[in-house]
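K.L.:
This is work-v6.cif, which holds mmCIF, C-alpha atoms:
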data_start
loop_
_atom_site.label_atom_id
_atom_site.label_comp_id
_atom_site.auth_asym_id
_atom_site.auth_seq_id
_atom_site.Cartn_x
_atom_site.Cartn_y
_atom_site.Cartn_z
CA MET Q 1 102.63 160.25 75.66
CA SER Q 2 100.60 157.66 73.94
CA HIS Q 3 97.00 158.84 73.96
CA SER Q 4 95.74 155.37 73.32
CA VAL Q 5 97.45 153.90 76.41
CA PHE Q 6 95.95 156.55 78.68
CA SER Q 7 92.59 156.24 76.99
CA GLN Q 8 92.67 152.46 77.50
CA PHE Q 9 93.56 152.94 81.15
CA LEU Q 10 90.56 155.27 81.58
CA LEU Q 11 88.36 152.75 79.80
CA HIS Q 12 89.54 150.08 82.21
CA LEU Q 13 88.44 152.24 85.15
CA GLY Q 14 85.20 153.35 83.51
CA ASP Q 15 84.16 149.92 82.27
CA SER Q 16 84.67 148.45 85.73
CA GLN Q 17 82.31 151.07 87.21
CA LEU Q 18 79.76 150.57 84.46
CA ILE Q 19 79.61 146.80 84.71
CA LEU Q 20 79.54 146.75 88.51
CA SER Q 21 76.80 149.35 88.39
CA HIS Q 22 74.79 147.16 86.05
CA ARG Q 23 75.20 144.17 88.36
CA LEU Q 24 73.95 146.18 91.33
CA ALA Q 25 70.99 147.42 89.32
CA GLU Q 26 69.98 143.78 88.81
CA TRP Q 27 69.05 143.71 92.50
CA CYS Q 28 66.41 146.36 91.95
CA GLY Q 29 63.13 144.82 93.06
CA HIS Q 30 64.83 141.66 94.35
CA ALA Q 31 66.91 142.63 97.39
CA PRO Q 32 66.10 141.01 100.75
CA GLU Q 33 64.66 144.25 102.17
CA LEU Q 34 63.31 147.46 100.67
CA GLU Q 35 66.12 149.48 102.28
CA LEU Q 36 68.74 147.20 100.71
CA ASP Q 37 67.03 147.44 97.36
CA ILE Q 38 67.28 151.22 97.51
CA ALA Q 39 70.82 151.21 98.89
CA LEU Q 40 72.13 148.93 96.14
CA ALA Q 41 70.41 150.99 93.46
CA ASN Q 42 71.88 154.18 94.92
CA ILE Q 43 75.40 152.76 95.06
CA GLY Q 44 74.93 151.55 91.49
CA LEU Q 45 73.87 155.04 90.48
CA ASP Q 46 77.01 156.57 91.98
CA LEU Q 47 79.08 154.05 90.02
CA LEU Q 48 77.17 154.81 86.84
CA GLY Q 49 77.85 158.52 87.27
CA GLN Q 50 81.54 157.74 87.79
CA ALA Q 51 81.51 155.56 84.69
CA ARG Q 52 80.03 158.41 82.63
CA THR Q 53 82.81 160.80 83.64
CA LEU Q 54 85.51 158.20 82.97
CA LEU Q 55 84.14 157.09 79.61
CA SER Q 56 83.80 160.72 78.52
CA LEU Q 57 87.42 161.35 79.49
CA ALA Q 58 88.50 158.16 77.71
CA GLY Q 59 86.68 159.32 74.58
CA GLU Q 60 88.37 162.73 74.70
CA GLU Q 61 91.82 161.17 75.13
CA GLU Q 62 91.16 158.70 72.35
CA GLY Q 63 90.39 161.59 70.00
CA LEU Q 64 88.18 159.61 67.63
CA GLY Q 65 85.05 161.53 68.48
CA ARG Q 66 83.43 158.73 70.50
CA ASP Q 67 81.37 159.93 73.47
CA GLU Q 68 80.35 158.06 76.62
CA ASP Q 69 77.27 156.54 74.97
CA GLN Q 70 79.09 155.28 71.91
CA LEU Q 71 81.73 153.71 74.12
CA ALA Q 72 79.19 152.08 76.41
CA PHE Q 73 76.75 150.84 73.80
CA PHE Q 74 78.76 150.06 70.70
CA ARG Q 75 81.77 148.12 71.88
CA ASN Q 76 81.91 144.36 71.90
CA GLU Q 77 82.89 142.12 74.76
CA ARG Q 78 86.51 141.86 73.61
CA GLU Q 79 86.78 145.66 73.60
CA TYR Q 80 85.59 145.98 77.20
CA ARG Q 81 88.36 146.51 79.74
CA ASN Q 82 86.56 145.97 83.05
CA LEU Q 83 87.90 143.86 85.90
CA LEU Q 84 86.62 140.30 85.74
CA LEU Q 85 85.50 140.63 89.36
CA CYS Q 86 82.90 143.25 88.38
CA GLU Q 87 81.16 141.06 85.82
CA GLN Q 88 80.72 138.05 88.12
CA PRO Q 89 77.08 137.16 88.72
CA ASN Q 90 75.43 138.50 91.86
CA GLY Q 91 74.94 135.03 93.37
CA ASP Q 92 73.18 135.44 96.69
CA PHE Q 93 73.16 138.62 98.76
CA ALA Q 94 76.27 137.51 100.67
CA GLN Q 95 78.24 137.01 97.46
CA THR Q 96 77.17 140.43 96.19
CA MET Q 97 78.33 141.99 99.44
CA VAL Q 98 81.70 140.22 99.26
CA ARG Q 99 82.23 141.50 95.71
CA GLN Q 100 81.18 145.00 96.72
CA TRP Q 101 83.37 145.01 99.81
CA LEU Q 102 86.45 143.86 97.84
CA MET Q 103 85.75 146.51 95.20
CA ASP Q 104 85.05 149.28 97.75
CA HIS Q 105 88.43 148.72 99.42
CA TYR Q 106 90.00 148.74 95.95
CA HIS Q 107 88.25 152.00 95.02
CA HIS Q 108 89.14 153.58 98.32
CA LEU Q 109 92.89 153.08 97.83
CA LEU Q 110 92.83 153.63 94.08
CA PHE Q 111 90.92 156.92 94.10
CA ALA Q 112 92.96 158.32 96.98
CA ALA Q 113 96.07 157.68 94.85
CA LEU Q 114 94.55 158.96 91.60
CA SER Q 115 93.55 162.21 93.30
CA HIS Q 116 97.28 163.07 93.05
CA SER Q 117 97.35 162.60 89.29
CA GLN Q 118 98.82 165.48 87.31
CA HIS Q 119 95.90 165.09 84.93
CA LYS Q 120 93.55 167.63 86.48
CA ALA Q 121 90.27 166.13 85.32
CA LEU Q 122 91.25 162.67 86.54
CA ALA Q 123 92.43 164.02 89.90
CA ALA Q 124 89.18 165.97 90.37
CA PHE Q 125 87.15 162.92 89.42
CA ALA Q 126 89.04 160.76 91.92
CA LEU Q 127 88.56 163.21 94.76
CA LYS Q 128 84.83 163.43 94.14
CA SER Q 129 84.40 159.68 93.81
CA LEU Q 130 86.43 159.02 96.94
CA ARG Q 131 83.76 160.80 98.99
CA GLU Q 132 81.05 158.59 97.52
CA VAL Q 133 83.12 155.46 97.99
CA LYS Q 134 83.44 156.16 101.71
CA TYR Q 135 79.69 155.65 102.03
CA HIS Q 136 79.81 152.51 99.90
CA LEU Q 137 82.62 151.02 101.96
CA ARG Q 138 80.83 151.69 105.21
CA PHE Q 139 77.72 150.01 103.90
CA SER Q 140 79.48 146.89 102.61
CA THR Q 141 81.67 146.62 105.72
CA ALA Q 142 78.63 146.74 107.99
CA TRP Q 143 77.00 143.95 105.97
CA MET Q 144 80.15 141.82 105.89
CA GLU Q 145 80.22 142.12 109.65
CA ARG Q 146 76.55 141.25 110.12
CA LEU Q 147 76.63 138.33 107.72
CA SER Q 148 79.90 136.75 108.78
CA LEU Q 149 79.37 137.18 112.51
CA GLY Q 150 75.65 136.45 112.33
CA THR Q 151 74.04 133.04 111.95
CA SER Q 152 76.12 130.06 110.91
CA GLU Q 153 74.22 129.90 107.62
CA ALA Q 154 75.02 133.53 106.82
CA HIS Q 155 78.65 132.94 107.77
CA ALA Q 156 78.88 129.88 105.52
CA LYS Q 157 77.34 131.75 102.56
CA THR Q 158 79.73 134.66 103.00
CA GLN Q 159 82.72 132.31 103.06
CA LEU Q 160 81.40 130.56 99.94
CA GLY Q 161 81.01 133.90 98.17
CA LEU Q 162 84.56 134.82 99.08
CA ASN Q 163 85.88 131.46 97.87
CA GLU Q 164 84.05 131.91 94.59
CA LEU Q 165 85.35 135.44 93.92
CA TRP Q 166 88.86 135.44 95.32
CA ARG Q 167 90.40 134.06 92.13
CA PHE Q 168 89.46 137.29 90.34
CA SER Q 169 91.36 139.49 92.80
CA LYS Q 170 94.82 139.04 91.33
CA GLU Q 171 94.41 141.62 88.58
CA LEU Q 172 93.51 144.51 90.89
CA PHE Q 173 96.13 147.30 90.82
CA VAL Q 174 98.12 145.66 88.00
CA LEU Q 175 99.71 147.97 85.43
CA THR Q 176 100.77 146.80 82.00
CA THR Q 177 104.25 147.61 80.69
CA GLU Q 178 102.79 150.40 78.53
CA GLU Q 179 100.90 151.84 81.50
CA GLN Q 180 104.15 152.05 83.46
CA GLY Q 181 104.97 154.79 80.98
CA LEU Q 182 101.98 156.80 82.24
CA VAL Q 183 103.53 156.65 85.70
CA THR Q 184 106.83 157.98 84.36
CA GLU Q 185 104.96 160.83 82.70
CA GLY Q 186 103.15 161.64 85.95
CA LEU Q 187 99.69 161.05 84.47
CA ILE Q 188 98.95 158.41 87.07
CA PRO Q 189 100.73 157.52 90.29
CA ASN Q 190 102.28 154.07 90.61
CA ILE Q 191 99.31 152.10 91.89
CA GLU Q 192 101.02 148.71 92.02
CA PRO Q 193 102.30 149.07 95.60
CA LEU Q 194 98.68 149.58 96.67
CA LYS Q 195 98.07 145.89 96.11
CA ALA Q 196 99.99 144.99 99.28
CA GLN Q 197 98.06 147.62 101.25
CA TRP Q 198 94.79 146.28 99.91
CA LEU Q 199 95.76 142.73 100.82
CA ASP Q 200 96.76 143.84 104.32
CA VAL Q 201 93.52 145.64 105.06
CA VAL Q 202 91.40 142.86 103.57
CA THR Q 203 93.30 140.18 105.50
CA VAL Q 204 92.94 142.01 108.82
CA GLU Q 205 89.24 142.58 108.21
CA LEU Q 206 88.67 138.95 107.24
CA GLN Q 207 90.19 137.87 110.54
CA ARG Q 208 87.80 140.18 112.35
CA PHE Q 209 84.94 138.63 110.37
CA GLU Q 210 86.23 135.13 111.26
CA LEU Q 211 86.46 134.32 107.57
CA SER Q 212 89.43 132.57 106.04
CA LEU Q 213 91.48 133.81 103.13
CA PRO Q 214 90.85 131.37 100.27
CA GLU Q 215 93.83 129.46 99.02
CA THR Q 216 93.87 129.25 95.28
CA GLY Q 217 96.41 128.81 92.58
CA ALA Q 218 93.88 129.23 89.82
CA TYR Q 219 93.73 133.01 89.50
CA ARG Q 220 91.94 134.46 86.50
CA SER Q 221 92.80 137.71 84.80
CA GLY Q 222 92.26 139.33 81.42
CA ALA Q 223 90.61 142.72 81.94
CA LYS Q 224 93.17 144.72 80.03
CA GLN Q 225 93.35 142.25 77.17
CA GLY Q 226 89.57 142.07 76.88
CA LEU Q 227 89.62 138.40 77.86
CA HIS Q 228 86.49 137.99 79.92
CA THR Q 229 84.58 135.25 81.66
CA GLU Q 230 81.45 133.97 79.91
CA HIS Q 231 79.28 136.31 82.00
CA LEU Q 232 80.13 139.65 80.38
CA GLY Q 233 78.42 138.86 77.10
CA PHE Q 234 75.10 138.39 78.86
CA VAL Q 235 75.49 141.69 80.73
CA LEU Q 236 76.22 143.52 77.48
CA ALA Q 237 73.35 141.83 75.67
CA GLU Q 238 70.99 143.42 78.16
CA LEU Q 239 72.83 146.72 78.54
CA GLN Q 240 73.20 147.33 74.81
CA TYR Q 241 69.96 145.84 73.49
CA MET Q 242 68.07 149.08 72.79
CA GLN Q 243 70.98 150.88 71.13
CA ARG Q 244 71.91 147.85 69.05
CA THR Q 245 68.31 147.44 67.92
CA TYR Q 246 67.55 151.12 67.35
CA PRO Q 247 70.95 152.79 66.92
CA ASN Q 248 71.19 156.30 68.37
CA MET Q 249 67.61 156.28 69.61
CA SER Q 250 66.89 158.57 72.52
CA TRP Q 251 63.94 159.66 74.62
CA MET F 1 79.89 199.24 86.83
CA ASN F 2 76.32 199.41 88.08
CA LEU F 3 75.12 197.85 84.87
CA ILE F 4 77.44 194.92 85.35
CA ARG F 5 76.30 194.48 88.92
CA GLN F 6 72.67 194.68 87.83
CA PHE F 7 73.31 192.07 85.15
CA SER F 8 74.98 189.76 87.63
CA ASP F 9 72.14 190.19 90.16
CA ASP F 10 69.58 189.43 87.46
CA CYS F 11 71.41 186.23 86.52
CA TRP F 12 71.53 185.07 90.11
CA ASP F 13 67.83 185.91 90.51
CA ILE F 14 67.01 183.69 87.55
CA LEU F 15 69.13 180.89 88.99
CA GLN F 16 67.45 181.27 92.37
CA GLN F 17 64.18 180.30 90.63
CA ILE F 18 65.54 176.99 89.39
CA SER F 19 64.90 174.20 91.80
CA ASP F 20 66.28 170.72 92.17
CA PRO F 21 63.65 168.32 90.74
CA GLU F 22 64.26 165.89 93.62
CA ILE F 23 64.03 168.58 96.32
CA PRO F 24 61.82 171.29 94.82
CA VAL F 25 62.20 173.55 97.84
CA LEU F 26 65.92 174.07 97.13
CA SER F 27 67.27 176.12 94.27
CA VAL F 28 70.52 175.34 92.53
CA VAL F 29 71.93 178.42 94.31
CA ASP F 30 70.86 177.16 97.76
CA LEU F 31 72.55 173.84 96.98
CA GLY F 32 75.80 175.59 96.12
CA MET F 33 75.82 174.02 92.66
CA ILE F 34 76.47 177.30 90.83
CA ARG F 35 80.17 178.05 90.85
CA GLY F 36 80.01 181.18 88.76
CA VAL F 37 78.22 183.25 86.15
CA GLU F 38 80.40 185.11 83.66
CA LEU F 39 80.39 186.71 80.25
CA ASN F 40 83.00 185.16 77.99
CA GLN F 41 84.85 187.03 75.23
CA ASP F 42 82.13 186.25 72.68
CA ASN F 43 79.55 187.83 75.03
CA ASN F 44 78.04 184.47 75.86
CA ILE F 45 76.64 184.06 79.35
CA VAL F 46 78.45 181.12 80.89
CA VAL F 47 76.99 179.42 83.95
CA ARG F 48 79.34 177.03 85.69
CA LEU F 49 77.48 174.18 87.35
CA THR F 50 78.96 171.55 89.65
CA PRO F 51 76.79 168.44 90.00
CA THR F 52 76.16 167.06 93.47
CA TYR F 53 76.64 163.27 93.27
CA SER F 54 78.37 161.71 90.23
CA GLY F 55 75.25 159.78 89.36
CA CYS F 56 72.68 162.43 90.20
CA PRO F 57 70.04 162.09 87.48
CA ALA F 58 68.97 165.71 88.05
CA THR F 59 72.09 167.20 86.44
CA ASP F 60 70.93 166.91 82.82
CA VAL F 61 67.48 168.26 83.67
CA LEU F 62 68.99 171.22 85.50
CA LYS F 63 71.22 172.12 82.57
CA GLU F 64 68.19 172.25 80.30
CA GLU F 65 66.16 174.25 82.80
CA ILE F 66 68.88 176.86 83.19
CA VAL F 67 69.12 177.36 79.43
CA HIS F 68 65.34 177.55 79.21
CA ALA F 69 64.98 180.07 82.06
CA PHE F 70 67.69 182.39 80.73
CA THR F 71 66.32 182.21 77.20
CA ALA F 72 62.80 182.99 78.42
CA LYS F 73 64.10 186.19 80.05
CA GLY F 74 65.99 187.13 76.91
CA PHE F 75 69.36 186.41 78.45
CA THR F 76 71.06 184.84 75.47
CA PRO F 77 73.28 183.31 74.22
CA ILE F 78 73.58 181.12 77.29
CA GLN F 79 75.92 178.22 77.92
CA VAL F 80 75.96 175.85 80.88
CA VAL F 81 79.34 174.34 81.57
CA VAL F 82 79.70 171.39 83.91
CA ASP F 83 82.60 172.19 86.19
CA LEU F 84 84.17 169.15 87.85
CA SER F 85 87.37 170.87 88.92
CA GLU F 86 86.29 170.91 92.55
CA ALA F 87 84.09 168.25 94.08
CA TRP F 88 80.72 169.44 95.32
CA THR F 89 80.30 169.27 99.05
CA THR F 90 77.40 169.87 101.42
CA ASP F 91 79.60 172.59 102.95
CA TRP F 92 78.60 174.71 99.94
CA MET F 93 74.92 174.55 100.82
CA SER F 94 73.72 177.94 102.05
CA GLN F 95 72.29 178.45 105.54
CA ASN F 96 69.12 179.61 103.83
CA GLY F 97 69.09 176.31 101.97
CA LYS F 98 69.57 174.31 105.15
CA ASP F 99 66.69 176.16 106.82
CA LYS F 100 64.41 175.56 103.84
CA LEU F 101 65.36 171.89 103.80
CA LYS F 102 64.37 171.53 107.43
CA GLN F 103 61.04 173.28 106.92
CA TYR F 104 60.40 170.93 104.03
CA GLY F 105 60.86 167.93 106.33
CA ILE F 106 64.39 166.86 105.45
CA ALA F 107 67.06 167.10 108.14
CA PRO F 108 69.93 169.23 106.80
CA PRO F 109 73.54 167.98 106.78
CA LYS F 110 75.14 168.18 110.19
CA GLY F 111 78.79 169.13 110.54
CA GLU F 112 81.39 169.62 107.84
CA ALA F 113 82.39 167.24 105.11
CA HIS F 114 85.87 166.53 106.44
CA SER F 115 84.29 165.11 109.59
CA CYS F 116 82.67 162.28 107.61
CA GLY F 117 85.43 159.68 107.79
CA THR F 118 85.26 156.20 106.30
CA HIS F 119 84.70 154.34 109.49
CA VAL F 120 82.68 156.92 111.35
CA ALA F 121 79.17 155.53 111.21
CA LEU F 122 76.27 157.86 110.61
CA THR F 123 75.25 158.74 114.11
CA ASP F 124 71.88 158.53 115.75
CA GLY F 125 70.64 161.76 117.23
CA ILE F 126 69.93 163.70 114.06
CA GLU F 127 67.29 166.29 114.91
CA CYS F 128 63.82 165.29 113.73
CA PRO F 129 62.58 167.98 111.31
CA HIS F 130 59.00 167.39 112.46
CA CYS F 131 59.09 167.51 116.28
CA HIS F 132 62.74 168.62 116.77
CA SER F 133 63.54 165.73 119.08
CA ILE F 134 67.08 164.44 118.89
CA HIS F 135 66.06 160.90 119.81
CA SER F 136 66.30 159.48 116.33
CA LYS F 137 67.56 156.22 114.95
CA LEU F 138 69.33 155.46 111.67
CA LEU F 139 67.26 153.01 109.59
CA SER F 140 69.24 152.99 106.35
CA GLU F 141 72.34 154.78 105.10
CA PHE F 142 70.76 155.16 101.67
CA SER F 143 67.28 156.54 101.30
CA SER F 144 65.03 157.91 98.54
CA THR F 145 68.10 159.34 96.77
CA ALA F 146 71.83 158.66 97.13
CA CYS F 147 72.32 161.94 98.99
CA LYS F 148 69.98 161.03 101.85
CA ALA F 149 69.83 158.54 104.71
CA LEU F 150 66.64 157.30 106.35
CA TYR F 151 66.01 157.97 110.04
CA GLN F 152 63.12 157.45 112.40
CA CYS F 153 62.25 159.75 115.24
CA GLN F 154 61.89 157.80 118.49
CA ASP F 155 59.53 160.40 119.97
CA CYS F 156 57.02 161.24 117.24
CA LEU F 157 57.83 157.96 115.43
CA GLU F 158 57.84 159.67 112.02
CA PRO F 159 60.47 158.44 109.58
CA PHE F 160 62.45 161.22 107.92
CA ASP F 161 65.22 161.79 105.41
CA TYR F 162 68.59 163.19 106.44
CA PHE F 163 70.74 164.94 103.83
CA LYS F 164 74.13 163.27 104.44
CA CYS F 165 77.19 165.40 104.65
CA ILE F 166 79.69 164.70 101.90
#
Rewrite the structure of this file - the entire thing - as C-alpha cells.

P.N.:
Amino acid sequence: MSHSVFSQFLLHLGDSQLILSHRLAEWCGHAPELELDIALANIGLDLLGQARTLLSLAGEEEGLGRDEDQLAFFRNEREYRNLLLCEQPNGDFAQTMVRQWLMDHYHHLLFAALSHSQHKALAAFALKSLREVKYHLRFSTAWMERLSLGTSEAHAKTQLGLNELWRFSKELFVLTTEEQGLVTEGLIPNIEPLKAQWLDVVTVELQRFELSLPETGAYRSGAKQGLHTEHLGFVLAELQYMQRTYPNMSW
Amino acid sequence: MNLIRQFSDDCWDILQQISDPEIPVLSVVDLGMIRGVELNQDNNIVVRLTPTYSGCPATDVLKEEIVHAFTAKGFTPIQVVVDLSEAWTTDWMSQNGKDKLKQYGIAPPKGEAHSCGTHVALTDGIECPHCHSIHSKLLSEFSSTACKALYQCQDCLEPFDYFKCI
C-alpha cells in the first residue's frame, strides 16, 4: 500500500470538513435568527471535530511527524485537498443552505460506506460522524423545504444558490486512479457508485422542493490536484493568520 | 484480589468527581464517557475516554482534569487515552445521570439511539423538566451546545434544553 495515497485521501476528507466548518463559522453573529446562528456554529463545530480526527489520521499515515495543527496551519492553498464546493462563499442564507444540503447528502452516503472500511480507525470515525450528519441533514432539509416552498423571493434565491453551486458537484465521490488501489486493498470501499445514488436522492428532493436541476456544461473540479477557486486563499489567510505570524503559539 | 477491587473502586470514585464543564451536574462516569480503567504492563494507570461529539470542546479540558485529579490523589503515573473505537451514544448515559440532568433543568435523552433516524424529526412532547408537562414545542434542533435542542413548555412557558439522543 502506498501510505501517501491513503494519507492524501484522508487529507481530502479532512480538508473538506475543515473548510466547510470555517465557512459556517463565518455566520457566527450574522445569521438571520439567533437560533440559526447557534445551529450553524454547532454544525460547524461537529465538522471541525471530524476534521481534527481525519487530519490526525492523515498525519499518522503520512509518517512525517505532522500533527493535525501542522497540517491545518502550515500548508499552502495548492496543498489543500478540499472539495471546491466547500470553499465557495456563503452568499446569502439560501445559498449556504443549498451548499450544506448538498454536502450533508454527500456525507450521509459517504460515511455510511466508509463505516465498512477495513481500516478500523476510519470505520469508527465514519460511524460516529454519520450520527452527527443525520442531525445536519435534517436541519438543512427542513430549511430547503421552507425556503423553496415559502415565498417566491425565497424560492428564487434558493434556485439561484443552486445554479451557482451546481458546477462544483461533479467531483463528489470521484476516485483517482491511485485511489482505486485503496479499494483493491480494502482500505476504502468503492465510493464511485454512490454518485448515482446521490444524484437520485438530490433529484427527487429537488422535485419536491419545486426547484429545477441546473443544466451546466461548465463543471469545475480540482480538489485532489490542489487546484482551487480564488476563494480558498482568503479562507486560509484568515484561518492561518495567527500561526503564520507567531508560529507554534498556543494559549 | 480485594486490593485490586479497592484500587478500581478508588479510580472510579475519582472519575465520579470529574464533571463535564458544559453540564457541571454530570460526571464523566454518568455520561458514559469512561470506557475503562486499567493498569498496563508498565504499571501505568490507563483511563480510556470516549468523547461525546466529534467537536466537543470539553474533551481536551476533561483529559487534563483527569490527569490532575489522579495526580492529586497520588495515583500516578496516569495516562488518558482517547478511545474512538466505538462511537459514544446517549445510550451509555447512566440512569443516575439522566435523573441528575432532569433535576438540573435539562430534559434527558428519550428513547434509544437507533430510533433517531435521518428523517424522523425531533418530536414535540418532550417532558418539561420544570413542570413535567408534556405539552412542549421544539424551537430549534441545535441549542446552547451541539448535543442539545431547544424546547419551550406550552404550559409553564419556560424554554428548556433537551439532550438529544444520538

K.L.:
Taking into account only C-alpha atoms, which residue in the set Q:Gly226, Q:Pro189, Q:Gly44, Q:Pro32 is nearest to chain F?

P.N.:
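The closest residue to chain F is Q:Gly44.
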
K.L.:
Please find the residues of chain Q near chain F - the criterion being any atom within 12 Å, counting only C-alpha atoms - and write them as a PyMOL selection string.

P.N.:
chain Q and resi 17-18+21+33-54+57+104-105+108-109+115+119-143

K.L.:
Please evaluate the PyMOL selection byres ((chain F and resi 127) around 12) against the displayed coordinates and give the resulting residues as a PyMOL selection string.

P.N.:
chain F and resi 102+105-110+123-126+128-138+151-156+158-163

K.L.:
I want to know what sits within 12 Å of range 212-216 of chain Q, based on all atoms listed in the file, with residues of the same chain fewer than 2 positions away left out; could you give that as a JSON list (two decimals) with C-alpha atoms, in the coordinates of the input?

P.N.:
[["chain", "number", "residue", "atom", "x", "y", "z"],
["Q", 148, "SER", "CA", 79.90, 136.75, 108.78],
["Q", 155, "HIS", "CA", 78.65, 132.94, 107.77],
["Q", 156, "ALA", "CA", 78.88, 129.88, 105.52],
["Q", 158, "THR", "CA", 79.73, 134.66, 103.00],
["Q", 159, "GLN", "CA", 82.72, 132.31, 103.06],
["Q", 160, "LEU", "CA", 81.40, 130.56, 99.94],
["Q", 161, "GLY", "CA", 81.01, 133.90, 98.17],
["Q", 162, "LEU", "CA", 84.56, 134.82, 99.08],
["Q", 163, "ASN", "CA", 85.88, 131.46, 97.87],
["Q", 164, "GLU", "CA", 84.05, 131.91, 94.59],
["Q", 165, "LEU", "CA", 85.35, 135.44, 93.92],
["Q", 166, "TRP", "CA", 88.86, 135.44, 95.32],
["Q", 167, "ARG", "CA", 90.40, 134.06, 92.13],
["Q", 168, "PHE", "CA", 89.46, 137.29, 90.34],
["Q", 169, "SER", "CA", 91.36, 139.49, 92.80],
["Q", 170, "LYS", "CA", 94.82, 139.04, 91.33],
["Q", 199, "LEU", "CA", 95.76, 142.73, 100.82],
["Q", 200, "ASP", "CA", 96.76, 143.84, 104.32],
["Q", 202, "VAL", "CA", 91.40, 142.86, 103.57],
["Q", 203, "THR", "CA", 93.30, 140.18, 105.50],
["Q", 204, "VAL", "CA", 92.94, 142.01, 108.82],
["Q", 205, "GLU", "CA", 89.24, 142.58, 108.21],
["Q", 206, "LEU", "CA", 88.67, 138.95, 107.24],
["Q", 207, "GLN", "CA", 90.19, 137.87, 110.54],
["Q", 208, "ARG", "CA", 87.80, 140.18, 112.35],
["Q", 209, "PHE", "CA", 84.94, 138.63, 110.37],
["Q", 210, "GLU", "CA", 86.23, 135.13, 111.26],
["Q", 218, "ALA", "CA", 93.88, 129.23, 89.82],
["Q", 219, "TYR", "CA", 93.73, 133.01, 89.50],
["Q", 220, "ARG", "CA", 91.94, 134.46, 86.50]]

K.L.:
Could you spell out the hits of the PyMOL selection byres ((chain F and resi 45-50) around 7) on the shown file, as a short mmCIF file (atom, residue, chain, number, x, y, z; two decimals) with C-alpha atoms, keeping the file's coordinate frame?

P.N.:
data_model
loop_
_atom_site.label_atom_id
_atom_site.label_comp_id
_atom_site.auth_asym_id
_atom_site.auth_seq_id
_atom_site.Cartn_x
_atom_site.Cartn_y
_atom_site.Cartn_z
CA MET F 33 75.82 174.02 92.66
CA ILE F 34 76.47 177.30 90.83
CA ARG F 35 80.17 178.05 90.85
CA GLY F 36 80.01 181.18 88.76
CA VAL F 37 78.22 183.25 86.15
CA GLU F 38 80.40 185.11 83.66
CA LEU F 39 80.39 186.71 80.25
CA ASN F 40 83.00 185.16 77.99
CA ASN F 43 79.55 187.83 75.03
CA ASN F 44 78.04 184.47 75.86
CA PRO F 51 76.79 168.44 90.00
CA THR F 52 76.16 167.06 93.47
CA THR F 76 71.06 184.84 75.47
CA PRO F 77 73.28 183.31 74.22
CA ILE F 78 73.58 181.12 77.29
CA GLN F 79 75.92 178.22 77.92
CA VAL F 80 75.96 175.85 80.88
CA VAL F 81 79.34 174.34 81.57
CA VAL F 82 79.70 171.39 83.91
CA ASP F 83 82.60 172.19 86.19
CA LEU F 84 84.17 169.15 87.85
CA TRP F 88 80.72 169.44 95.32
#

K.L.:
Which residues, named as in the file, does the PyMOL selection byres ((chain F and resi 24) around 12) pick out? Answer as a PyMOL selection string.

P.N.:
chain F and resi 16-23+25-28+30-31+58+62+97+100-101+104+106

K.L.:
Can you tell me how far CA of Leu227 in chain Q sits from CA of Leu84 in chain Q, in Å to one decimal?

P.N.:
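Atom-to-atom, CA of Leu227 in chain Q and CA of Leu84 in chain Q are spaced 8.6 Å apart.
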
K.L.:
Would you compute the box with edges along x, y and z of the file around range 50-69 of chain F, including every atom the file lists for it and 3 Å extra on each side, and give its centre and edge lengths in Å to one decimal, as JSON?

P.N.:
{"center_x": 72.0, "center_y": 169.9, "center_z": 86.3, "size_x": 20.0, "size_y": 26.3, "size_z": 20.3}
